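Coordinates as given in input_20.tsv (TSV, C-alpha atoms and all ligand atoms):
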```tsv
chain	number	residue	atom	x	y	z
A	28	MET	CA	93.77	107.31	89.04
A	29	ALA	CA	92.51	110.87	89.15
A	30	LEU	CA	93.68	113.34	91.74
A	31	PHE	CA	91.81	112.89	94.98
A	32	ARG	CA	90.54	115.61	97.18
A	33	ALA	CA	93.57	114.96	99.29
A	34	SER	CA	93.15	117.83	101.69
A	35	ALA	CA	89.53	117.04	102.50
A	36	LEU	CA	90.39	113.42	102.95
A	37	ARG	CA	93.40	114.21	105.08
A	38	ALA	CA	91.17	116.31	107.30
A	39	ALA	CA	88.83	113.37	107.61
A	40	LEU	CA	91.72	111.06	108.40
A	41	ASN	CA	93.06	113.45	111.03
A	42	LEU	CA	89.83	113.19	112.89
A	43	ARG	CA	89.44	109.56	112.31
A	44	LEU	CA	92.67	107.69	112.73
A	45	LEU	CA	91.15	105.65	115.52
A	46	PRO	CA	90.21	102.09	114.66
A	47	ALA	CA	86.80	101.58	113.19
A	48	SER	CA	84.07	100.49	115.57
A	49	LEU	CA	85.59	102.49	118.41
A	50	ASN	CA	82.52	104.66	118.51
A	51	PHE	CA	80.33	101.65	118.28
A	52	SER	CA	78.80	101.42	121.71
A	53	SER	CA	75.18	101.94	120.86
A	54	THR	CA	72.75	99.09	121.09
A	55	SER	CA	71.47	99.39	117.58
A	56	LEU	CA	72.99	99.38	114.12
A	57	PRO	CA	72.59	102.35	111.77
A	58	LEU	CA	69.67	102.22	109.34
A	59	ILE	CA	70.39	103.58	105.85
A	60	ASP	CA	68.01	104.03	102.94
A	61	VAL	CA	70.09	102.90	99.96
A	62	GLY	CA	67.24	103.54	97.49
A	63	PRO	CA	68.99	106.39	95.66
A	64	LEU	CA	71.87	104.04	94.77
A	65	THR	CA	69.63	101.69	92.82
A	66	ASN	CA	67.43	104.41	91.34
A	67	SER	CA	68.76	105.74	88.03
A	68	ALA	CA	66.69	108.92	88.47
A	69	ALA	CA	68.42	109.87	91.74
A	70	SER	CA	70.63	112.95	91.70
A	71	VAL	CA	74.35	112.98	92.44
A	72	GLU	CA	73.63	114.90	95.64
A	73	GLU	CA	71.18	112.24	96.80
A	74	LYS	CA	73.71	109.51	96.14
A	75	GLN	CA	76.42	111.43	97.92
A	76	ALA	CA	74.19	111.89	100.94
A	77	VAL	CA	73.81	108.10	101.10
A	78	GLY	CA	77.57	107.79	100.62
A	79	ARG	CA	78.16	109.94	103.71
A	80	GLN	CA	75.88	107.75	105.81
A	81	LEU	CA	77.63	104.63	104.50
A	82	HIS	CA	80.97	106.20	105.39
A	83	ASP	CA	79.86	106.81	108.97
A	84	ALA	CA	78.52	103.28	109.30
A	85	CYS	CA	81.60	101.63	107.78
A	86	LEU	CA	83.97	103.78	109.81
A	87	ASN	CA	82.27	103.40	113.18
A	88	VAL	CA	80.37	100.16	113.10
A	89	GLY	CA	81.17	97.98	110.08
A	90	PHE	CA	77.50	96.89	110.09
A	91	PHE	CA	74.26	98.57	109.08
A	92	TYR	CA	70.69	97.86	108.04
A	93	ALA	CA	69.91	98.83	104.45
A	94	GLN	CA	66.32	99.65	103.55
A	95	GLY	CA	65.07	100.62	100.11
A	96	HIS	CA	67.24	97.78	98.79
A	97	GLY	CA	64.77	96.74	96.10
A	98	VAL	CA	65.18	92.96	96.51
A	99	PRO	CA	61.59	91.65	96.40
A	100	SER	CA	60.52	90.08	99.68
A	101	GLU	CA	58.60	87.44	97.69
A	102	LEU	CA	61.94	86.30	96.31
A	103	THR	CA	63.81	86.13	99.63
A	104	ASP	CA	60.76	84.47	101.21
A	105	SER	CA	60.62	81.83	98.51
A	106	VAL	CA	64.36	81.09	98.79
A	107	MET	CA	63.91	80.57	102.52
A	108	VAL	CA	60.73	78.51	102.19
A	109	GLU	CA	62.39	76.28	99.56
A	110	ALA	CA	65.50	76.06	101.75
A	111	ARG	CA	63.43	74.74	104.66
A	112	LYS	CA	61.91	72.07	102.44
A	113	TRP	CA	65.33	71.12	101.15
A	114	PHE	CA	66.96	70.85	104.58
A	115	ALA	CA	64.06	68.58	105.64
A	116	LEU	CA	64.99	66.05	102.90
A	117	PRO	CA	66.50	62.71	103.93
A	118	GLU	CA	70.25	62.73	104.40
A	119	GLU	CA	70.87	60.60	101.25
A	120	GLU	CA	69.23	63.28	99.14
A	121	LYS	CA	71.30	66.07	100.67
A	122	GLN	CA	74.43	63.95	100.34
A	123	ARG	CA	74.00	64.09	96.56
A	124	ILE	CA	75.27	67.66	96.56
A	125	ALA	CA	77.76	67.22	99.40
A	126	LEU	CA	80.63	69.67	99.78
A	127	SER	CA	84.10	68.13	99.46
A	128	PRO	CA	87.43	68.95	97.84
A	129	THR	CA	86.09	67.17	94.72
A	130	SER	CA	83.06	69.47	94.61
A	131	HIS	CA	85.45	72.43	94.86
A	132	TYR	CA	84.23	73.17	98.37
A	133	ARG	CA	80.77	73.88	96.99
A	134	GLY	CA	77.51	72.27	98.10
A	135	TRP	CA	76.00	70.85	101.27
A	136	GLN	CA	77.83	70.74	104.58
A	137	ARG	CA	76.28	68.62	107.33
A	138	LEU	CA	75.62	69.93	110.84
A	139	GLY	CA	78.91	70.44	112.67
A	140	SER	CA	81.24	70.11	109.69
A	141	ASN	CA	82.03	73.82	109.30
A	142	VAL	CA	84.73	74.75	111.78
A	143	THR	CA	85.43	78.22	113.19
A	144	GLN	CA	88.37	78.87	115.50
A	145	GLY	CA	88.85	75.13	115.95
A	146	LYS	CA	85.25	74.50	117.02
A	147	ARG	CA	82.47	72.98	114.98
A	148	ASP	CA	79.58	75.26	114.18
A	149	LEU	CA	76.05	74.07	114.88
A	150	HIS	CA	74.56	74.72	111.48
A	151	GLU	CA	74.20	72.99	108.18
A	152	GLY	CA	74.31	74.82	104.92
A	153	ILE	CA	74.84	75.01	101.20
A	154	ASP	CA	77.71	77.11	99.79
A	155	LEU	CA	77.51	78.29	96.20
A	156	TYR	CA	80.05	80.47	94.39
A	157	LYS	CA	80.42	82.23	91.12
A	158	GLU	CA	80.78	79.43	88.61
A	159	VAL	CA	84.05	79.01	86.81
A	160	ASP	CA	84.77	76.77	83.85
A	161	ALA	CA	88.21	75.33	84.59
A	162	GLY	CA	88.86	74.59	80.90
A	163	GLU	CA	88.01	78.11	79.78
A	164	LEU	CA	90.14	79.53	82.55
A	165	ALA	CA	93.16	77.45	81.56
A	166	ALA	CA	92.69	78.49	77.93
A	167	ALA	CA	92.75	82.12	79.04
A	168	GLY	CA	96.02	81.47	80.88
A	169	MET	CA	94.49	82.06	84.31
A	170	PRO	CA	95.71	80.17	87.38
A	171	ALA	CA	93.72	77.20	88.62
A	172	SER	CA	92.21	77.00	92.10
A	173	PRO	CA	90.81	74.13	94.18
A	174	ILE	CA	87.69	76.30	94.65
A	175	HIS	CA	87.02	76.91	90.96
A	176	GLY	CA	84.29	74.83	89.36
A	177	ARG	CA	80.56	74.52	88.84
A	178	ASN	CA	78.01	74.53	91.63
A	179	PRO	CA	76.19	71.41	92.75
A	180	TRP	CA	72.87	73.26	92.62
A	181	PRO	CA	70.10	71.87	94.82
A	182	GLN	CA	68.05	69.36	92.80
A	183	THR	CA	64.64	70.95	93.41
A	184	PRO	CA	63.77	73.08	90.34
A	185	ALA	CA	61.82	75.69	92.33
A	186	PHE	CA	64.68	76.08	94.82
A	187	GLN	CA	67.26	76.35	92.10
A	188	ALA	CA	65.27	78.91	90.12
A	189	ALA	CA	64.67	81.04	93.21
A	190	LEU	CA	68.35	80.88	94.11
A	191	ARG	CA	69.51	81.94	90.66
A	192	ALA	CA	67.13	84.92	90.70
A	193	TYR	CA	68.26	85.77	94.23
A	194	VAL	CA	71.94	85.75	93.25
A	195	ASP	CA	71.17	88.13	90.36
A	196	GLU	CA	69.32	90.51	92.66
A	197	CYS	CA	72.09	90.47	95.24
A	198	LEU	CA	74.72	91.15	92.60
A	199	GLY	CA	72.79	94.26	91.58
A	200	LEU	CA	72.33	95.41	95.17
A	201	GLY	CA	75.94	94.73	96.14
A	202	ALA	CA	77.25	96.72	93.19
A	203	ALA	CA	74.90	99.59	94.07
A	204	ILE	CA	75.97	99.74	97.72
A	205	LEU	CA	79.61	99.65	96.61
A	206	ARG	CA	78.98	102.69	94.41
A	207	GLY	CA	77.74	104.48	97.51
A	208	ILE	CA	80.68	103.34	99.61
A	209	ALA	CA	83.07	104.53	96.87
A	210	LEU	CA	81.42	107.96	96.96
A	211	GLY	CA	81.63	108.00	100.76
A	212	LEU	CA	85.37	107.30	100.53
A	213	GLN	CA	85.78	110.06	97.92
A	214	LEU	CA	86.78	107.47	95.36
A	215	PRO	CA	85.34	107.43	91.84
A	216	GLU	CA	81.83	105.97	91.89
A	217	THR	CA	83.06	103.24	89.51
A	218	PHE	CA	86.00	102.28	91.73
A	219	PHE	CA	84.69	98.76	92.45
A	220	GLU	CA	83.91	97.97	88.81
A	221	GLY	CA	86.29	96.37	86.31
A	222	ASP	CA	89.36	94.57	87.66
A	223	MET	CA	88.45	95.29	91.28
A	224	ALA	CA	85.02	93.69	91.63
A	225	GLY	CA	83.36	93.96	88.22
A	226	ASP	CA	83.42	90.15	88.00
A	227	SER	CA	82.65	89.45	91.66
A	228	TYR	CA	83.64	86.04	92.99
A	229	TRP	CA	80.37	85.98	94.90
A	230	VAL	CA	79.33	83.46	97.53
A	231	SER	CA	75.76	82.53	98.35
A	232	ARG	CA	75.22	80.55	101.55
A	233	ILE	CA	71.93	78.96	102.54
A	234	LEU	CA	72.11	78.23	106.25
A	235	TYR	CA	69.95	76.21	108.63
A	236	TYR	CA	70.49	76.72	112.35
A	237	PRO	CA	68.75	74.41	114.81
A	238	SER	CA	68.13	76.05	118.16
A	239	LEU	CA	70.89	75.45	120.68
A	240	PRO	CA	70.03	74.25	124.19
A	241	GLY	CA	69.77	76.88	126.92
A	242	GLN	CA	68.19	80.27	127.29
A	243	PRO	CA	68.89	83.34	125.20
A	244	ALA	CA	72.11	84.86	126.57
A	245	SER	CA	71.09	88.46	126.06
A	246	SER	CA	68.18	90.43	127.37
A	247	SER	CA	66.98	91.57	123.99
A	248	SER	CA	63.78	90.23	122.61
A	249	ASN	CA	63.57	86.83	121.09
A	250	SER	CA	60.00	87.29	120.17
A	251	THR	CA	58.17	84.13	119.34
A	252	SER	CA	55.01	86.03	118.54
A	253	SER	CA	56.34	88.05	115.61
A	254	SER	CA	55.00	87.24	112.22
A	255	SER	CA	56.70	84.65	110.09
A	256	VAL	CA	57.12	84.16	106.37
A	257	LEU	CA	55.99	80.62	106.97
A	258	GLY	CA	52.50	79.30	106.55
A	259	GLY	CA	50.83	77.07	109.16
A	260	ALA	CA	51.88	73.80	107.54
A	261	GLN	CA	55.48	74.88	107.35
A	262	GLN	CA	55.40	76.11	110.89
A	263	ARG	CA	54.22	72.67	111.99
A	264	GLN	CA	57.02	71.12	109.99
A	265	GLN	CA	59.39	73.50	111.72
A	266	GLN	CA	58.11	72.42	115.15
A	267	GLN	CA	58.57	68.78	114.22
A	268	GLN	CA	62.08	69.42	113.03
A	269	GLN	CA	62.79	71.26	116.23
A	270	GLN	CA	61.66	68.30	118.30
A	271	GLN	CA	63.85	66.04	116.20
A	272	GLN	CA	66.76	68.38	116.66
A	273	GLN	CA	66.25	68.39	120.40
A	274	GLN	CA	66.17	64.60	120.48
A	275	HIS	CA	69.21	64.59	118.27
A	276	ALA	CA	70.95	67.09	120.51
A	277	SER	CA	70.47	64.88	123.54
A	278	GLY	CA	72.35	62.07	121.79
A	279	SER	CA	76.08	61.73	121.23
A	280	LYS	CA	76.22	64.88	119.11
A	281	ALA	CA	74.72	66.92	121.88
A	282	GLY	CA	75.09	70.63	121.44
A	283	SER	CA	76.70	71.80	124.66
A	284	LEU	CA	76.19	75.22	126.14
A	285	GLU	CA	79.60	76.26	124.88
A	286	GLU	CA	78.75	75.44	121.32
A	287	LEU	CA	77.88	78.21	118.90
A	288	SER	CA	75.72	78.23	115.82
A	289	CYS	CA	78.62	79.96	114.06
A	290	GLY	CA	81.76	81.08	115.87
A	291	GLU	CA	83.25	84.55	115.89
A	292	HIS	CA	84.76	85.62	112.58
A	293	THR	CA	85.03	88.42	110.07
A	294	ASP	CA	83.93	87.97	106.47
A	295	TYR	CA	86.56	87.60	103.79
A	296	GLY	CA	85.76	89.99	101.00
A	297	LEU	CA	83.93	93.27	100.48
A	298	LEU	CA	80.27	93.21	101.42
A	299	THR	CA	77.91	90.73	103.08
A	300	LEU	CA	74.13	90.99	102.70
A	301	VAL	CA	72.25	88.99	105.35
A	302	PHE	CA	68.63	88.22	104.65
A	303	ALA	CA	67.08	86.02	107.34
A	304	GLU	CA	63.67	84.80	108.42
A	305	PRO	CA	61.86	87.24	110.67
A	306	GLY	CA	61.21	86.52	114.32
A	307	VAL	CA	64.47	84.84	115.37
A	308	THR	CA	67.32	86.86	116.84
A	309	ALA	CA	70.62	85.01	116.47
A	310	LEU	CA	73.23	87.13	114.68
A	311	GLN	CA	75.44	89.04	117.12
A	312	VAL	CA	77.87	91.85	116.37
A	313	LYS	CA	80.90	92.58	118.55
A	314	SER	CA	81.19	96.13	119.83
A	315	ALA	CA	84.49	97.88	120.41
A	316	GLU	CA	84.17	97.09	124.13
A	317	GLY	CA	83.75	93.42	123.31
A	318	ARG	CA	80.04	93.27	124.05
A	319	TRP	CA	77.81	91.17	121.84
A	320	LEU	CA	74.95	93.16	120.36
A	321	ASP	CA	71.99	91.49	118.74
A	322	ALA	CA	71.25	92.22	115.10
A	323	PRO	CA	67.66	90.98	114.84
A	324	PRO	CA	66.07	90.76	111.42
A	325	MET	CA	64.19	93.92	110.46
A	326	PRO	CA	61.30	93.67	108.00
A	327	GLY	CA	62.09	95.45	104.74
A	328	ALA	CA	65.77	95.84	105.58
A	329	VAL	CA	68.85	93.70	105.03
A	330	VAL	CA	71.80	93.51	107.42
A	331	VAL	CA	74.99	94.56	105.64
A	332	ASN	CA	78.59	94.28	106.83
A	333	ILE	CA	82.02	94.88	105.36
A	334	GLY	CA	84.72	92.25	104.96
A	335	ASP	CA	88.49	91.86	105.25
A	336	MET	CA	89.33	93.44	101.88
A	337	PHE	CA	88.12	96.82	103.13
A	338	SER	CA	90.78	97.04	105.82
A	339	VAL	CA	93.50	96.43	103.23
A	340	LEU	CA	92.01	98.81	100.69
A	341	THR	CA	91.52	101.66	103.17
A	342	ASN	CA	94.76	100.97	105.08
A	343	GLY	CA	92.77	100.19	108.22
A	344	LEU	CA	90.38	103.13	108.06
A	345	TYR	CA	87.50	100.68	107.74
A	346	THR	CA	87.89	97.42	109.62
A	347	PRO	CA	85.52	94.47	109.41
A	348	THR	CA	83.56	93.86	112.59
A	349	ALA	CA	83.58	90.43	114.21
A	350	HIS	CA	80.28	88.67	114.46
A	351	ARG	CA	78.86	85.26	115.37
A	352	VAL	CA	75.57	83.40	115.40
A	353	VAL	CA	74.01	82.08	118.60
A	354	ASN	CA	70.54	80.70	118.10
A	355	ARG	CA	69.10	80.00	121.53
A	356	SER	CA	65.65	81.20	120.50
A	357	GLY	CA	63.97	77.82	120.86
A	358	ARG	CA	63.19	77.94	117.14
A	359	ASP	CA	65.25	76.92	114.18
A	360	ARG	CA	66.44	79.59	111.77
A	361	VAL	CA	67.20	79.94	108.07
A	362	SER	CA	69.43	82.73	106.79
A	363	ILE	CA	70.74	83.33	103.28
A	364	PRO	CA	73.84	85.54	103.47
A	365	PHE	CA	75.20	86.72	100.14
A	366	PHE	CA	78.80	87.83	99.82
A	367	TYR	CA	79.69	90.40	97.18
A	368	GLU	CA	83.44	89.95	96.89
A	369	THR	CA	86.16	91.26	94.64
A	370	ASN	CA	87.27	89.43	91.51
A	371	PHE	CA	89.19	86.24	92.36
A	372	GLU	CA	92.36	87.61	90.75
A	373	ALA	CA	91.99	91.14	92.12
A	374	VAL	CA	95.06	92.27	94.03
A	375	ILE	CA	93.93	94.53	96.85
A	376	GLU	CA	96.36	97.08	98.25
A	377	PRO	CA	96.11	100.17	100.41
A	378	GLN	CA	95.08	103.06	98.18
A	379	PRO	CA	97.54	105.98	98.22
A	380	GLN	CA	95.08	108.48	99.68
A	381	PHE	CA	94.82	106.33	102.80
A	382	CYS	CA	98.59	106.21	103.22
A	383	VAL	CA	99.13	109.93	103.76
A	384	GLN	CA	98.89	109.91	107.54
A	385	ARG	CA	100.66	106.62	108.06
A	386	PRO	CA	102.52	104.28	105.75
A	387	ALA	CA	100.79	101.27	104.27
A	388	GLN	CA	100.00	98.77	107.01
A	389	PHE	CA	99.15	95.91	104.67
A	390	GLU	CA	100.92	93.95	101.95
A	391	PRO	CA	98.98	93.64	98.71
A	392	VAL	CA	96.72	90.59	98.84
A	393	ARG	CA	95.26	88.56	96.00
A	394	TYR	CA	91.66	87.97	97.08
A	395	GLY	CA	91.60	84.41	95.70
A	396	SER	CA	94.58	83.48	97.87
A	397	HIS	CA	92.90	84.96	100.95
A	398	LEU	CA	89.73	83.01	100.16
A	399	GLU	CA	91.68	79.77	99.67
A	400	SER	CA	93.51	80.28	102.97
A	401	LYS	CA	90.11	80.32	104.68
A	402	VAL	CA	87.91	77.91	102.75
A	403	LEU	CA	90.44	75.10	102.46
A	404	HIS	CA	90.60	74.90	106.26
A	405	ASN	CA	86.96	75.54	107.12
A	406	PHE	CA	85.71	71.96	106.99
A	407	ASP	CA	86.00	68.78	109.00
A	408	PHE	CA	84.99	66.13	106.49
A	409	GLU	CA	85.14	63.38	109.13
A	410	SER	CA	82.37	64.99	111.14
A	411	LYS	CA	79.35	62.67	111.35
A	501	LIG	N1	82.20	82.84	102.91
A	501	LIG	C1	82.23	83.35	104.12
A	501	LIG	N2	82.56	84.59	104.29
A	501	LIG	N3	81.94	82.59	105.14
A	501	LIG	C2	82.08	83.03	106.48
A	501	LIG	C3	82.03	81.84	107.35
A	501	LIG	C4	82.75	82.09	108.63
A	501	LIG	C5	82.97	80.84	109.38
A	501	LIG	C6	84.12	80.05	108.88
A	501	LIG	N4	84.08	78.74	109.45
A	501	LIG	C7	85.45	80.71	109.26
A	501	LIG	O1	86.09	80.25	110.20
A	501	LIG	O2	85.86	81.65	108.61
A	502	LIG	O1	73.48	83.65	109.49
A	502	LIG	C1	73.90	84.79	109.71
A	502	LIG	O2	73.17	85.65	110.20
A	502	LIG	C2	75.32	85.19	109.41
A	502	LIG	C3	76.19	84.07	108.91
A	502	LIG	C4	77.61	84.51	108.76
A	502	LIG	O3	78.11	85.33	109.50
A	502	LIG	C5	78.43	83.98	107.64
A	502	LIG	O4	78.01	83.02	106.98
A	502	LIG	O5	79.51	84.52	107.39
A	503	FE	FE	79.90	86.17	108.60
```
Now that the file is in, can you turn its structure into structure tokens?
Amino acid sequence: MALFRASALRAALNLRLLPASLNFSSTSLPLIDVGPLTNSAASVEEKQAVGRQLHDACLNVGFFYAQGHGVPSELTDSVMVEARKWFALPEEEKQRIALSPTSHYRGWQRLGSNVTQGKRDLHEGIDLYKEVDAGELAAAGMPASPIHGRNPWPQTPAFQAALRAYVDECLGLGAAILRGIALGLQLPETFFEGDMAGDSYWVSRILYYPSLPGQPASSSSNSTSSSSVLGGAQQRQQQQQQQQQQQHASGSKAGSLEELSCGEHTDYGLLTLVFAEPGVTALQVKSAEGRWLDAPPMPGAVVVNIGDMFSVLTNGLYTPTAHRVVNRSGRDRVSIPFFYETNFEAVIEPQPQFCVQRPAQFEPVRYGSHLESKVLHNFDFESK
């Protein structure tokens, strides 16, 4: 690797050896226009200016809103509209693409079957990953994994088509933001390409969160009057589903006030892009003081956060910020987080320029092993 601007970076490290998110006490997340990163006509200076903003956000917060991302809202809207239709299907239909060890942990997980910190999460969802042909992999002499395989794509052609297009868009956006982050870290712009994340083991999750009982915990707005991507008919369907959920919740599977839509966690890889329906505030980000700050959806922007691999790579300069989902809005919610991760076989280790001030704090980690250590324990298949 080329010589780094060690002195400049050391100066930056001197000032900034404190853990990331320490300065994060504001009530809002940074907003960054990432347009220059996807625009081939942008100058190096413009890209570097974005890189500096990304550096600040990753160092101090670990979360930011990205505008100018270029993912068409028609596409994200149609993924979410199709998702709503799909989640409204009878259980037998959804069961056809059920997630299990046999499906390589890909597909549909029923409400309450994803477990975080020993507690079941009150959402259902579909998990899709980069597809891997086990035969081809073996022929290439690559190790097998219980997660490798093909996706049980949702049956509905329109849903499947929208999802495939969405994954392509997110791959482009993720790679672009990583170019900016590389610049912000004074790494080569291409740092995340090739063996690092040039063949991203991406994850696409399509999540449905019924509203939990109780009032919104925080004072921030949970506007019910904001505009929705949904048309009138779908809104009515949503209301019906909500009533069903409430009836359901008063039965034996009652969601108690302690239950969360998704418990506190950090994400596993590099970068998470969270597109969600407008109008429902549910995602919460943990500040350095341990306060939960709302990250409401912002029209035209996507919520972005960094994952576990960044703390290893930067020797703790960037640390992923804990977050959770608590939907007490009185409305159900669909979100479609996309995870731009490293290659499955990438071995992530602290880069030398981050080990000048203090020795490496992390052992090298193979991303695929980290992912397996999480995913293989995330599900309670008995949950009914
Ligand atoms: N693919 C990703 N990153 N999924 C994040 C899910 C976090 C919740 C999970 N039950 C857990 O305990 O980690
Ligand atoms: O639904 C969301 O807003 C975020 C979900 C999440 O944190 C995850 O799936 O890792
Ligand atoms: Fe997450």
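In this model, the gap between CA of Glu372 in chain A and CA of Ser172 in chain A comes to 10.7 Å.
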Nearest to ligand LIG 502 (chain A) among A:Phe406, A:Phe91, A:Phe302, A:Trp113, with distances taken over only C-alpha atoms and all ligand atoms: which residue is it?
A:Phe302
Return as a VMD selection string the residues of protein, DNA or RNA that approach ligand FE 503 (chain A) to within 12 Å, with all atoms listed in the file taken into account.
chain A and resid 89 to 90 143 230 to 232 234 288 to 301 310 to 313 330 to 335 347 to 352 362 to 366
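The gap separating CA of Glu101 in chain A from CA of Arg177 in chain A is 27.0 Å, in Å to one decimal.
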Box for ligand LIG 502 (chain A): with edges along x, y and z, all listed atoms inside and 6 Å added on each side, what are the centre and edge lengths in Å to one decimal, as AutoDock Vina command-line options?
```
--center_x 76.3 --center_y 84.3 --center_z 108.6 --size_x 18.3 --size_y 14.6 --size_z 15.2
```
Between A:Glu399, A:Met325, A:Gly343, A:Val106, which has the minimum distance to Pro386 in chain A (counting only C-alpha atoms)?
A:Gly343
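For Asn370 in chain A, the list of residues within 10 Å, based on all atoms listed in the file and with local chain neighbours fewer than 4 positions off taken out, reads Lys157, Phe219, Glu220, Gly221, Asp222, Met223, Ala224, Gly225, Asp226, Ser227, Tyr228, Trp229, Gly296, Val374, Ile375, Arg393, Tyr394 and Gly395 of chain A.
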Grab the atom N1 of ligand LIG 501 (chain A) to CA of Leu155 in chain A distance for me, in Å with one decimal place.
9.4 Å
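Distances from A:Val142, A:Met107, A:Ile174, A:Leu205 to ligand LIG 501 (chain A) were compared using all atoms listed in the file, and the smallest one belongs to A:Val142.
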Distance criterion (all atoms listed in the file): nearest to Gln378 in chain A out of A:Leu212, A:Ala309, A:Leu320, A:Leu287:
A:Leu212
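When only C-alpha atoms are used to compute distances to Asn66 in chain A, the closest of the residues A:Ala93, A:Leu200, A:Leu138, A:Ile124 turns out to be A:Leu200.
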Spatial neighbours of Leu81 in chain A, 8 Å, all atoms listed in the file, chain gap at least 3 places, as a PyMOL selection string:
chain A and resi 59+77-78+84-85+207-208+211
Cut-off 6 Å around (83.5, 67.8, 112.3) with all atoms listed in the file: residues as a PDB file with C-alpha atoms, keeping the file's coordinate frame:
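out31.pdb, freshly written:
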```
ATOM      1  CA  GLY A 139      78.910  70.440 112.670  1.00  0.00           C
ATOM      2  CA  SER A 140      81.240  70.110 109.690  1.00  0.00           C
ATOM      3  CA  ARG A 147      82.470  72.980 114.980  1.00  0.00           C
ATOM      4  CA  ASP A 407      86.000  68.780 109.000  1.00  0.00           C
ATOM      5  CA  GLU A 409      85.140  63.380 109.130  1.00  0.00           C
ATOM      6  CA  SER A 410      82.370  64.990 111.140  1.00  0.00           C
TER       7      SER A 410
END
```
A:Ala167, A:Gln388, A:Asn141, A:Glu316 ranked by distance to Lys401 in chain A, top pick (using all atoms listed in the file):
A:Asn141
Neighbours of range 355-359 of chain A within 6 Å (all atoms listed in the file; same-chain residues fewer than 3 positions away dropped), as a ChimeraX atom specification?
/A:236-239,242-243
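For Arg111 in chain A, the list of residues within 8 Å, based on all atoms listed in the file and with local chain neighbours fewer than 4 positions off taken out, reads Met107, Ala115, Tyr235 and Val361 of chain A.
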